[in-house]
$ cat coords.csv   # CSV, C-alpha atoms and all ligand atoms
chain,number,residue,atom,x,y,z
A,1,MET,CA,-38.5,-10.5,-11.5
A,2,PRO,CA,-35.7,-11.7,-13.8
A,3,VAL,CA,-34.1,-13.7,-10.9
A,4,PRO,CA,-34.1,-17.5,-11.2
A,5,ASP,CA,-37.0,-19.1,-9.2
A,6,ARG,CA,-34.7,-21.1,-7.0
A,7,ILE,CA,-33.0,-17.9,-5.8
A,8,ASP,CA,-36.2,-16.0,-5.5
A,9,ALA,CA,-37.4,-18.8,-3.3
A,10,LEU,CA,-34.5,-18.0,-1.0
A,11,ALA,CA,-35.6,-14.4,-0.5
A,12,GLY,CA,-37.4,-15.1,2.8
A,13,GLU,CA,-34.4,-16.9,4.2
A,14,MET,CA,-32.0,-14.2,3.1
A,15,THR,CA,-34.2,-11.6,4.8
A,16,ALA,CA,-34.2,-13.6,8.0
A,17,TRP,CA,-30.4,-14.0,8.0
A,18,ARG,CA,-29.9,-10.4,7.2
A,19,ARG,CA,-32.2,-9.2,10.0
A,20,ASP,CA,-30.5,-11.5,12.5
A,21,LEU,CA,-27.1,-10.1,11.5
A,22,HIS,CA,-28.5,-6.6,11.6
A,23,ALA,CA,-29.7,-7.1,15.2
A,24,HIS,CA,-26.2,-8.2,16.2
A,25,PRO,CA,-23.6,-5.9,14.6
A,26,GLU,CA,-19.9,-6.4,15.3
A,27,LEU,CA,-17.0,-4.1,14.5
A,28,LEU,CA,-13.7,-4.6,12.6
A,29,PHE,CA,-12.0,-8.0,13.3
A,30,ASP,CA,-14.3,-8.6,16.3
A,31,VAL,CA,-16.9,-10.4,14.1
A,32,HIS,CA,-16.9,-13.7,16.0
A,33,ARG,CA,-20.7,-14.2,16.2
A,34,THR,CA,-21.1,-13.2,12.5
A,35,ALA,CA,-18.3,-15.4,11.3
A,36,GLY,CA,-19.7,-18.3,13.4
A,37,PHE,CA,-23.2,-17.7,11.9
A,38,VAL,CA,-21.7,-17.7,8.4
A,39,ALA,CA,-19.6,-20.8,9.0
A,40,ASP,CA,-22.6,-22.7,10.5
A,41,ARG,CA,-24.8,-21.8,7.5
A,42,LEU,CA,-22.1,-22.8,5.0
A,43,ARG,CA,-21.7,-26.2,6.7
A,44,ASP,CA,-25.5,-26.7,6.7
A,45,PHE,CA,-25.6,-26.0,3.0
A,46,GLY,CA,-23.0,-28.8,2.4
A,47,CYS,CA,-20.0,-26.8,1.3
A,48,ASP,CA,-17.1,-29.0,0.5
A,49,GLU,CA,-14.8,-27.1,2.8
A,50,VAL,CA,-15.4,-24.3,5.3
A,51,ALA,CA,-12.2,-22.5,6.5
A,52,THR,CA,-12.4,-20.1,9.4
A,53,GLY,CA,-9.8,-17.8,11.0
A,54,ILE,CA,-8.5,-16.6,7.6
A,55,GLY,CA,-7.1,-13.0,8.1
A,56,ARG,CA,-8.0,-13.4,11.8
A,57,THR,CA,-11.8,-13.8,11.6
A,58,GLY,CA,-12.5,-14.2,7.9
A,59,VAL,CA,-14.4,-17.3,6.6
A,60,VAL,CA,-14.1,-19.0,3.2
A,61,GLY,CA,-16.5,-21.6,1.9
A,62,LEU,CA,-15.7,-23.8,-1.0
A,63,ILE,CA,-18.3,-25.4,-3.3
A,64,ARG,CA,-17.1,-27.7,-6.1
A,65,GLY,CA,-19.3,-27.9,-9.2
A,66,LYS,CA,-20.5,-31.2,-10.7
A,67,GLY,CA,-18.2,-30.9,-13.7
A,68,ARG,CA,-15.0,-32.8,-13.2
A,69,GLY,CA,-12.5,-31.3,-15.6
A,70,SER,CA,-11.6,-28.0,-14.1
A,71,ASN,CA,-9.4,-26.9,-11.2
A,72,ARG,CA,-10.3,-23.3,-11.7
A,73,ALA,CA,-11.7,-21.3,-8.8
A,74,ILE,CA,-13.5,-18.0,-8.7
A,75,GLY,CA,-13.7,-15.9,-5.5
A,76,LEU,CA,-16.9,-14.0,-4.5
A,77,ARG,CA,-16.4,-11.6,-1.6
A,78,ALA,CA,-18.8,-10.1,1.0
A,79,ASP,CA,-17.9,-8.0,4.0
A,80,MET,CA,-19.2,-8.8,7.5
A,81,ASP,CA,-18.4,-5.8,9.8
A,82,ALA,CA,-20.7,-3.0,11.1
A,83,LEU,CA,-19.9,0.6,12.1
A,84,PRO,CA,-19.6,2.5,15.4
A,85,ILE,CA,-22.9,4.4,14.8
A,86,GLN,CA,-26.0,4.6,17.1
A,87,GLU,CA,-29.0,3.4,15.1
A,88,VAL,CA,-32.0,5.8,15.3
A,89,ARG,CA,-34.8,3.9,13.6
A,90,ASP,CA,-37.1,1.7,15.7
A,91,LEU,CA,-37.0,-1.3,13.4
A,92,PRO,CA,-38.2,-4.7,14.8
A,93,TYR,CA,-34.7,-6.0,14.1
A,94,ARG,CA,-32.8,-2.9,15.2
A,95,SER,CA,-29.3,-3.2,16.6
A,96,THR,CA,-29.1,-4.8,20.1
A,97,ALA,CA,-25.6,-3.5,20.5
A,98,PRO,CA,-25.5,0.1,21.7
A,99,GLY,CA,-23.4,2.4,19.5
A,100,LYS,CA,-23.0,-0.3,16.8
A,101,MET,CA,-25.0,-0.6,13.6
A,102,HIS,CA,-25.0,-2.1,10.2
A,103,ALA,CA,-25.1,1.3,8.4
A,104,CYS,CA,-23.2,0.2,5.3
A,105,GLY,CA,-25.3,-2.9,4.4
A,106,HIS,CA,-22.7,-5.5,5.1
A,107,ASP,CA,-25.4,-7.5,6.8
A,108,GLY,CA,-27.1,-7.6,3.3
A,109,HIS,CA,-23.9,-8.4,1.5
A,110,THR,CA,-23.3,-11.4,3.9
A,111,ALA,CA,-26.9,-12.6,3.5
A,112,MET,CA,-26.7,-12.3,-0.4
A,113,LEU,CA,-23.6,-14.4,-0.5
A,114,LEU,CA,-25.1,-16.9,1.8
A,115,GLY,CA,-28.1,-17.1,-0.5
A,116,ALA,CA,-25.8,-17.7,-3.5
A,117,ALA,CA,-23.9,-20.3,-1.5
A,118,LYS,CA,-27.1,-22.2,-0.7
A,119,TYR,CA,-28.2,-22.2,-4.3
A,120,LEU,CA,-24.8,-23.2,-5.6
A,121,ALA,CA,-24.4,-26.0,-3.1
A,122,GLU,CA,-27.8,-27.4,-4.2
A,123,THR,CA,-27.4,-27.0,-7.9
A,124,ARG,CA,-23.6,-27.3,-8.6
A,125,ALA,CA,-24.2,-26.5,-12.3
A,126,PHE,CA,-20.7,-25.5,-12.9
A,127,ASP,CA,-17.2,-26.9,-13.5
A,128,GLY,CA,-14.6,-25.8,-11.0
A,129,THR,CA,-14.8,-24.2,-7.5
A,130,ALA,CA,-16.8,-21.3,-6.1
A,131,ALA,CA,-14.8,-19.7,-3.2
A,132,LEU,CA,-17.2,-17.7,-1.0
A,133,ILE,CA,-15.1,-15.1,0.9
A,134,PHE,CA,-16.5,-13.4,4.0
A,135,GLN,CA,-14.1,-10.8,5.2
A,136,PRO,CA,-13.9,-8.9,8.5
A,137,ALA,CA,-12.8,-5.3,9.1
A,138,GLU,CA,-13.7,-3.6,5.8
A,139,GLU,CA,-14.5,-0.3,7.6
A,140,GLY,CA,-11.0,0.9,8.2
A,141,GLY,CA,-9.3,-2.3,9.6
A,142,GLY,CA,-7.9,-3.7,6.3
A,143,GLY,CA,-9.5,-7.1,6.7
A,144,GLY,CA,-9.2,-7.7,3.0
A,145,GLU,CA,-5.5,-7.2,3.2
A,146,GLU,CA,-5.2,-9.5,6.2
A,147,MET,CA,-6.9,-12.3,4.3
A,148,VAL,CA,-4.7,-11.8,1.3
A,149,LYS,CA,-1.6,-11.8,3.5
A,150,ASP,CA,-2.9,-15.0,5.1
A,151,GLY,CA,-2.6,-16.7,1.7
A,152,LEU,CA,-6.3,-16.5,0.6
A,153,MET,CA,-5.5,-16.6,-3.1
A,154,GLU,CA,-2.9,-19.3,-3.1
A,155,ARG,CA,-4.5,-21.6,-0.5
A,156,PHE,CA,-7.8,-21.8,-2.4
A,157,GLY,CA,-6.3,-21.4,-5.9
A,158,ILE,CA,-8.4,-18.4,-6.6
A,159,GLU,CA,-7.8,-17.1,-10.2
A,160,ALA,CA,-10.3,-14.1,-10.2
A,161,VAL,CA,-12.2,-12.3,-7.6
A,162,TYR,CA,-15.4,-10.2,-7.5
A,163,GLY,CA,-17.0,-7.8,-5.1
A,164,MET,CA,-20.3,-6.0,-4.8
A,165,HIS,CA,-21.7,-3.0,-2.8
A,166,ASN,CA,-25.2,-1.7,-2.4
A,167,ILE,CA,-25.8,1.9,-3.3
A,168,PRO,CA,-28.7,4.0,-1.9
A,169,GLY,CA,-30.5,6.0,-4.5
A,170,MET,CA,-29.8,3.5,-7.2
A,171,ALA,CA,-33.0,1.8,-8.4
A,172,LEU,CA,-33.7,-1.8,-7.2
A,173,GLY,CA,-32.7,-4.4,-9.8
A,174,THR,CA,-30.0,-2.2,-11.4
A,175,PHE,CA,-26.2,-2.6,-11.4
A,176,ALA,CA,-23.4,-0.1,-12.2
A,177,ILE,CA,-19.8,-0.7,-12.9
A,178,ARG,CA,-16.8,0.7,-14.8
A,179,PRO,CA,-13.4,-0.5,-15.9
A,180,GLY,CA,-10.5,1.1,-14.2
A,181,PRO,CA,-10.7,2.9,-10.9
A,182,ILE,CA,-14.2,2.7,-9.3
A,183,MET,CA,-13.3,3.6,-5.7
A,184,ALA,CA,-10.6,5.9,-4.5
A,185,SER,CA,-7.5,5.3,-2.5
A,186,THR,CA,-7.5,6.6,1.1
A,187,ASP,CA,-4.7,7.6,3.4
A,188,ARG,CA,-5.3,9.0,6.9
A,189,PHE,CA,-2.7,11.6,7.9
A,190,THR,CA,-1.7,13.1,11.2
A,191,ILE,CA,0.4,16.2,11.1
A,192,THR,CA,2.1,17.6,14.2
A,193,VAL,CA,3.3,21.2,14.4
A,194,GLU,CA,5.8,21.8,17.2
A,195,GLY,CA,6.2,25.5,18.1
A,196,ARG,CA,7.2,27.1,21.4
A,197,GLY,CA,4.4,27.6,23.9
A,198,GLY,CA,4.1,30.9,25.8
A,199,HIS,CA,2.0,33.8,27.1
A,200,ALA,CA,-0.6,34.9,24.5
A,201,ALA,CA,0.3,38.6,25.3
A,202,LEU,CA,4.0,38.0,24.6
A,203,PRO,CA,3.9,36.3,21.2
A,204,GLN,CA,7.4,37.6,20.4
A,205,ARG,CA,8.8,35.1,22.9
A,206,ALA,CA,6.8,32.1,21.5
A,207,VAL,CA,6.5,30.3,18.2
A,208,ASP,CA,2.8,30.3,17.6
A,209,SER,CA,1.9,26.7,16.5
A,210,VAL,CA,-1.7,27.8,15.9
A,211,LEU,CA,-0.7,30.3,13.3
A,212,VAL,CA,1.6,27.8,11.6
A,213,ALA,CA,-1.1,25.2,11.6
A,214,SER,CA,-3.5,27.7,10.0
A,215,HIS,CA,-1.0,28.4,7.2
A,216,LEU,CA,-0.6,24.7,6.7
A,217,VAL,CA,-4.3,24.1,6.3
A,218,VAL,CA,-4.4,26.7,3.5
A,219,ALA,CA,-1.1,25.5,1.9
A,220,LEU,CA,-2.4,21.9,1.8
A,221,GLN,CA,-5.3,23.1,-0.3
A,222,SER,CA,-2.9,24.2,-2.9
A,223,ILE,CA,-2.0,20.6,-3.6
A,224,VAL,CA,-5.2,19.6,-5.4
A,225,SER,CA,-5.6,23.0,-7.1
A,226,ARG,CA,-2.0,23.6,-8.1
A,227,SER,CA,0.0,20.3,-8.1
A,228,VAL,CA,-2.5,17.8,-9.5
A,229,ASP,CA,-3.6,17.7,-13.2
A,230,PRO,CA,-7.1,19.4,-13.2
A,231,LEU,CA,-8.4,16.5,-15.3
A,232,HIS,CA,-7.6,14.0,-12.5
A,233,SER,CA,-9.6,13.6,-9.3
A,234,ALA,CA,-8.2,14.1,-5.8
A,235,VAL,CA,-9.3,15.2,-2.3
A,236,VAL,CA,-7.2,16.6,0.6
A,237,SER,CA,-9.4,17.2,3.6
A,238,VAL,CA,-8.2,18.5,7.0
A,239,CYS,CA,-10.9,17.2,9.4
A,240,ALA,CA,-9.6,17.7,12.9
A,241,LEU,CA,-7.4,20.5,14.3
A,242,GLU,CA,-6.4,20.1,17.9
A,243,ALA,CA,-4.7,23.0,19.6
A,244,GLY,CA,-4.7,24.6,23.1
A,245,GLU,CA,-7.5,25.2,25.6
A,246,ALA,CA,-6.9,28.5,27.3
A,247,PHE,CA,-7.7,32.1,26.2
A,248,ASN,CA,-4.2,33.3,27.1
A,249,VAL,CA,-1.8,30.5,26.3
A,250,LEU,CA,-0.1,29.9,23.0
A,251,PRO,CA,0.0,26.1,22.8
A,252,GLN,CA,3.3,24.3,22.4
A,253,SER,CA,2.0,22.1,19.6
A,254,VAL,CA,-1.0,21.5,17.3
A,255,THR,CA,-2.2,18.3,15.7
A,256,LEU,CA,-4.1,18.2,12.4
A,257,ARG,CA,-5.8,15.1,11.1
A,258,GLY,CA,-7.5,14.3,7.8
A,259,THR,CA,-7.7,12.2,4.7
A,260,ILE,CA,-6.3,12.0,1.2
A,261,ARG,CA,-8.3,10.5,-1.7
A,262,ALA,CA,-7.1,9.8,-5.2
A,263,LEU,CA,-8.2,7.7,-8.2
A,264,SER,CA,-4.7,6.7,-9.4
A,265,ALA,CA,-1.4,5.6,-7.7
A,266,GLU,CA,0.4,8.4,-9.5
A,267,VAL,CA,-1.8,11.1,-8.1
A,268,ARG,CA,-1.8,9.5,-4.7
A,269,ALA,CA,2.0,9.6,-4.7
A,270,ARG,CA,2.2,13.1,-6.0
A,271,ILE,CA,-0.1,14.4,-3.2
A,272,LYS,CA,1.9,12.7,-0.5
A,273,GLU,CA,5.2,14.0,-2.0
A,274,ARG,CA,3.8,17.6,-2.0
A,275,MET,CA,2.3,17.2,1.5
A,276,GLU,CA,5.6,16.0,2.9
A,277,ALA,CA,7.4,18.9,1.4
A,278,ILE,CA,5.0,21.5,2.7
A,279,VAL,CA,4.9,19.9,6.2
A,280,ALA,CA,8.7,19.8,6.3
A,281,HIS,CA,9.4,23.3,5.0
A,282,LEU,CA,6.5,25.7,5.7
A,283,PRO,CA,6.8,25.5,9.5
A,284,GLU,CA,10.5,26.1,9.3
A,285,GLY,CA,9.8,29.5,7.9
A,286,PHE,CA,8.0,30.3,11.2
A,287,GLY,CA,10.6,28.7,13.4
A,288,ALA,CA,8.4,25.7,14.1
A,289,ARG,CA,8.8,22.0,13.1
A,290,GLY,CA,6.3,19.8,11.3
A,291,SER,CA,6.0,16.1,10.9
A,292,ILE,CA,3.5,13.8,9.2
A,293,ALA,CA,2.4,10.2,9.7
A,294,TYR,CA,0.0,8.0,7.7
A,295,GLY,CA,-2.3,5.2,8.7
A,296,GLY,CA,-5.5,3.5,7.6
A,297,SER,CA,-4.5,3.3,3.9
A,298,TYR,CA,-6.3,1.5,1.2
A,299,PRO,CA,-5.2,1.5,-2.5
A,300,VAL,CA,-7.4,2.5,-5.4
A,301,THR,CA,-10.1,-0.1,-6.2
A,302,GLU,CA,-9.1,-0.8,-9.8
A,303,ASN,CA,-11.5,-2.9,-11.9
A,304,HIS,CA,-9.7,-5.1,-14.5
A,305,PRO,CA,-11.2,-4.5,-18.0
A,306,ALA,CA,-11.9,-8.1,-19.1
A,307,GLU,CA,-13.5,-9.1,-15.8
A,308,THR,CA,-15.5,-5.9,-15.7
A,309,ALA,CA,-17.0,-6.6,-19.1
A,310,PHE,CA,-17.7,-10.1,-18.0
A,311,MET,CA,-19.4,-9.1,-14.8
A,312,ALA,CA,-21.5,-6.4,-16.7
A,313,ASP,CA,-22.5,-9.0,-19.3
A,314,VAL,CA,-23.6,-11.4,-16.5
A,315,ALA,CA,-25.6,-8.6,-14.9
A,316,ALA,CA,-27.2,-7.6,-18.2
A,317,GLY,CA,-28.1,-11.2,-18.8
A,318,LEU,CA,-29.9,-11.1,-15.5
A,319,VAL,CA,-31.7,-7.8,-15.5
A,320,GLY,CA,-31.4,-6.5,-19.1
A,321,GLU,CA,-28.8,-4.2,-20.7
A,322,ASP,CA,-30.9,-1.1,-19.9
A,323,ARG,CA,-30.5,-1.8,-16.2
A,324,VAL,CA,-26.7,-2.0,-16.2
A,325,GLU,CA,-24.7,1.2,-16.3
A,326,ARG,CA,-21.3,0.2,-17.7
A,327,ASP,CA,-19.4,3.5,-17.2
A,328,VAL,CA,-20.6,4.8,-13.9
A,329,ALA,CA,-18.6,7.6,-12.3
A,330,PRO,CA,-16.2,6.4,-9.7
A,331,MET,CA,-16.7,7.2,-6.0
A,332,MET,CA,-14.2,9.0,-3.8
A,333,ALA,CA,-15.0,6.7,-0.9
A,334,ALA,CA,-12.5,3.8,-0.5
A,335,GLU,CA,-12.9,0.0,-0.2
A,336,ASP,CA,-10.4,-2.6,0.9
A,337,PHE,CA,-11.5,-5.1,-1.7
A,338,SER,CA,-8.8,-3.1,-3.5
A,339,TYR,CA,-6.2,-5.4,-1.9
A,340,MET,CA,-7.9,-8.4,-3.5
A,341,LEU,CA,-8.0,-6.7,-6.9
A,342,ALA,CA,-4.3,-5.8,-6.5
A,343,HIS,CA,-3.5,-9.6,-6.3
A,344,ARG,CA,-6.0,-11.1,-8.7
A,345,PRO,CA,-7.9,-9.9,-11.8
A,346,GLY,CA,-11.5,-9.1,-11.0
A,347,ALA,CA,-14.2,-6.5,-10.7
A,348,TYR,CA,-16.4,-4.6,-8.2
A,349,ILE,CA,-20.0,-3.7,-9.0
A,350,PHE,CA,-22.6,-1.4,-7.4
A,351,LEU,CA,-26.1,-2.9,-6.7
A,352,GLY,CA,-29.2,-0.7,-6.4
A,353,ASN,CA,-30.6,-0.4,-2.9
A,354,GLY,CA,-33.6,1.8,-3.9
A,355,GLU,CA,-34.5,4.9,-2.0
A,356,SER,CA,-32.9,4.7,1.4
A,357,ALA,CA,-30.8,6.8,3.8
A,358,ALA,CA,-27.2,7.2,2.7
A,359,LEU,CA,-24.5,4.7,3.6
A,360,HIS,CA,-23.1,5.4,7.1
A,361,HIS,CA,-26.2,7.4,8.1
A,362,PRO,CA,-27.9,6.4,11.4
A,363,GLU,CA,-31.2,5.9,9.5
A,364,TYR,CA,-29.8,3.6,6.8
A,365,ASP,CA,-31.1,0.1,6.2
A,366,PHE,CA,-30.2,-2.5,3.6
A,367,CYS,CA,-33.2,-3.2,1.3
A,368,ASP,CA,-34.1,-6.9,1.5
A,369,ALA,CA,-35.7,-6.7,-1.9
A,370,ALA,CA,-32.2,-6.1,-3.4
A,371,ALA,CA,-30.8,-9.4,-2.0
A,372,PRO,CA,-32.2,-11.7,-4.7
A,373,TYR,CA,-30.6,-9.6,-7.4
A,374,GLY,CA,-27.2,-9.8,-5.7
A,375,ALA,CA,-27.5,-13.5,-5.0
A,376,ALA,CA,-28.6,-14.2,-8.6
A,377,LEU,CA,-25.6,-12.2,-9.9
A,378,TRP,CA,-23.2,-14.2,-7.8
A,379,ALA,CA,-24.8,-17.5,-8.9
A,380,ARG,CA,-24.8,-16.6,-12.6
A,381,LEU,CA,-21.3,-15.3,-12.4
A,382,ILE,CA,-20.1,-18.8,-11.2
A,383,GLU,CA,-22.3,-20.7,-13.7
A,384,THR,CA,-21.1,-18.5,-16.6
A,385,GLY,CA,-17.5,-18.1,-15.5
A,386,LEU,CA,-17.0,-21.8,-14.8
A,387,PRO,CA,-19.3,-23.4,-17.4
A,388,LEU,CA,-20.2,-27.0,-17.5
A,389,GLY,CA,-18.5,-28.4,-20.5
A,390,SER,CA,-18.0,-31.7,-22.1
A,391,SER,CA,-16.4,-33.0,-18.9
A,392,VAL,CA,-19.8,-33.4,-17.2
B,401,ZN,ZN,-18.9,1.6,4.8
B,402,ZN,ZN,-19.5,-0.9,2.9

$ encode --input "coords.csv" --output "structure tokens" --more "lines below"
Ligand SMILES: [Zn+2]
Ligand SMILES: [Zn+2]
Amino acid sequence: MPVPDRIDALAGEMTAWRRDLHAHPELLFDVHRTAGFVADRLRDFGCDEVATGIGRTGVVGLIRGKGRGSNRAIGLRADMDALPIQEVRDLPYRSTAPGKMHACGHDGHTAMLLGAAKYLAETRAFDGTAALIFQPAEEGGGGGEEMVKDGLMERFGIEAVYGMHNIPGMALGTFAIRPGPIMASTDRFTITVEGRGGHAALPQRAVDSVLVASHLVVALQSIVSRSVDPLHSAVVSVCALEAGEAFNVLPQSVTLRGTIRALSAEVRARIKERMEAIVAHLPEGFGARGSIAYGGSYPVTENHPAETAFMADVAAGLVGEDRVERDVAPMMAAEDFSYMLAHRPGAYIFLGNGESAALHHPEYDFCDAAAPYGAALWARLIETGLPLGSSV
């Protein structure tokens, strides 16, 4: 394995941490046990500073290198939260919390960054500060945004920030990245159609909100096909349609819920503009009223070109150029590391998880053999980005 021996030697510990976290999944900002676990480990490793409660339950560990000249700091970010999914596999370290599960591998992300922290605190072969960022609420709560709003970048002097996510189906020991958009923006929407309820046999006296909602679902599909440049990527999905309950009643109102995805701020704005126009005007033609509200929004995760090339170079130095894809296709899933990249230059990379069930699947499990690669990339990124110079 092309991973430094001292990190490879941490594999057993990283596996133990990961499995402990896996057995105790926590959701959104309610990651108190996990944050405590992380903070305890960081203090044990001898971090120079361990700050808790950043962005509610986020943790930041600072490690200063042995060089003395630099006040530069690089941020490395892991996410700590799990998902509201019932685990189905009977693993020895399976979830002990009913209905909660680490189905996105954030247990592995946390363990890898802890492994890198232990190595960096022991060796300190760099000049500057490694800021180890452990964020809550990646899965829809905007924990990354909360940490940024809480002064994460300014307080710790972070000048660049990097993130990593495991990908099932990508070979172990491989990385993939691209400059520009790598993960989509997301916006949840809720549309309400207000008609006039009535007897199903007397539709002439009602305004049929179900019929209006049906036209809306179809009209919304015109946005991606007719209003967005075919060379750009976008998704509009209506995922829930809540209407009446009886066989003979036309309901007063209907609610539609769904999600918008885009790979640029311009396309995202265009979709919303068209959506608002359709929701405002189409129901009017039927004598109904429509309204739309958004929530759970993350911007596009946009990799900065110079930092992307740097991260890819560090990965290639570790595993070889042939094991680093430098122009991987972006994913239409979203990631709230996007908020950090909106405030500081940086990049986000995919790490191979080998053959496993898909992310967010009840049979998914992070592959412990991937952790040394992730931890080694983090460590090398600090040692390369904050090199020991003549000030040693
Ligand atoms: Zn996820
Ligand atoms: Zn995830």

$ residues_around --input "coords.csv" --residues "region 293-308 of chain A" --least-positions-apart "5" --cutoff "6 Å" --atoms "all atoms listed in the file" --output "list in words"
Pro179, Gly180, Pro181, Ile182, Met183, Ala184, Ser185, Thr186, Asp187, Arg188, Phe189, Thr190, Leu263, Asp336, Ser338, Pro345, Gly346 and Ala347 of chain A

$ residues_around --input "coords.csv" --residues "region 151-163 of chain A" --least-positions-apart "3" --cutoff "8 Å" --atoms "only C-alpha atoms" --output "number ranges by chain"
A: 54, 72-78, 131, 147-148, 337, 340-341, 343-349

$ closest_atom_pairs --input "coords.csv" --of "chain A" --to "ligand ZN 402 (chain B)" --cutoff "9 Å" --atoms "all atoms listed in the file" --output "CSV"
residue,atom,partner,partner_atom,distance
A:Asp79,CA,B:ZN402,ZN,7.4
A:Asp81,CA,B:ZN402,ZN,8.5
A:Ala82,CA,B:ZN402,ZN,8.5
A:Ala103,CA,B:ZN402,ZN,8.2
A:Cys104,CA,B:ZN402,ZN,4.5
A:Gly105,CA,B:ZN402,ZN,6.3
A:His106,CA,B:ZN402,ZN,6.0
A:His109,CA,B:ZN402,ZN,8.8
A:Glu138,CA,B:ZN402,ZN,7.0
A:Glu139,CA,B:ZN402,ZN,6.9
A:His165,CA,B:ZN402,ZN,6.5
A:Asn166,CA,B:ZN402,ZN,7.8
A:Glu335,CA,B:ZN402,ZN,7.3
A:Leu359,CA,B:ZN402,ZN,7.5
A:His360,CA,B:ZN402,ZN,8.4

$ residues_near_point --input "coords.csv" --point "(2.3, 23.5, 15.9)" --cutoff "8 Å" --atoms "all atoms listed in the file" --output "VMD selection string"
chain A and resid 192 to 195 208 to 213 243 251 to 255 288 to 290

$ closest_residue --input "coords.csv" --among "A:Leu91, A:Ala97, A:Met80, A:Leu172" --to "Gly143 (chain A)" --atoms "all atoms listed in the file"
A:Met80

$ atom_distance --input "coords.csv" --atom1 "CA of Ser237 (chain A)" --atom2 "CA of Leu28 (chain A)"
24.0 Å

$ closest_residue --input "coords.csv" --among "A:Ala171, A:Ala23, A:Val238, A:Ile63" --to "Pro92 (chain A)" --atoms "all atoms listed in the file"
A:Ala23

$ closest_residue --input "coords.csv" --among "A:Tyr373, A:Trp378, A:Phe126, A:Tyr364" --to "ligand ZN 401 (chain B)" --atoms "only C-alpha atoms and all ligand atoms"
A:Tyr364

$ closest_residue --input "coords.csv" --among "A:Asp5, A:Leu27, A:Arg257, A:Asp44" --to "ligand ZN 401 (chain B)" --atoms "all atoms listed in the file"
A:Leu27

$ atom_distance --input "coords.csv" --atom1 "CA of Ala240 (chain A)" --atom2 "CA of Ile292 (chain A)"
14.2 Å

$ closest_residue --input "coords.csv" --among "A:Pro136, A:Pro168, A:Gly58, A:Gly352" --to "Ala371 (chain A)" --atoms "only C-alpha atoms"
A:Gly352

$ atom_distance --input "coords.csv" --atom1 "CA of Leu62 (chain A)" --atom2 "CA of Leu132 (chain A)"
6.3 Å

$ residues_around --input "coords.csv" --residues "Val235 (chain A)" --least-positions-apart "6" --cutoff "9 Å" --atoms "all atoms listed in the file" --output "number ranges by chain"
A: 224, 259-262, 332

$ closest_residue --input "coords.csv" --among "A:Gly46, A:Pro25, A:Gly53, A:Gly140" --to "ligand ZN 401 (chain B)" --atoms "only C-alpha atoms and all ligand atoms"
A:Gly140
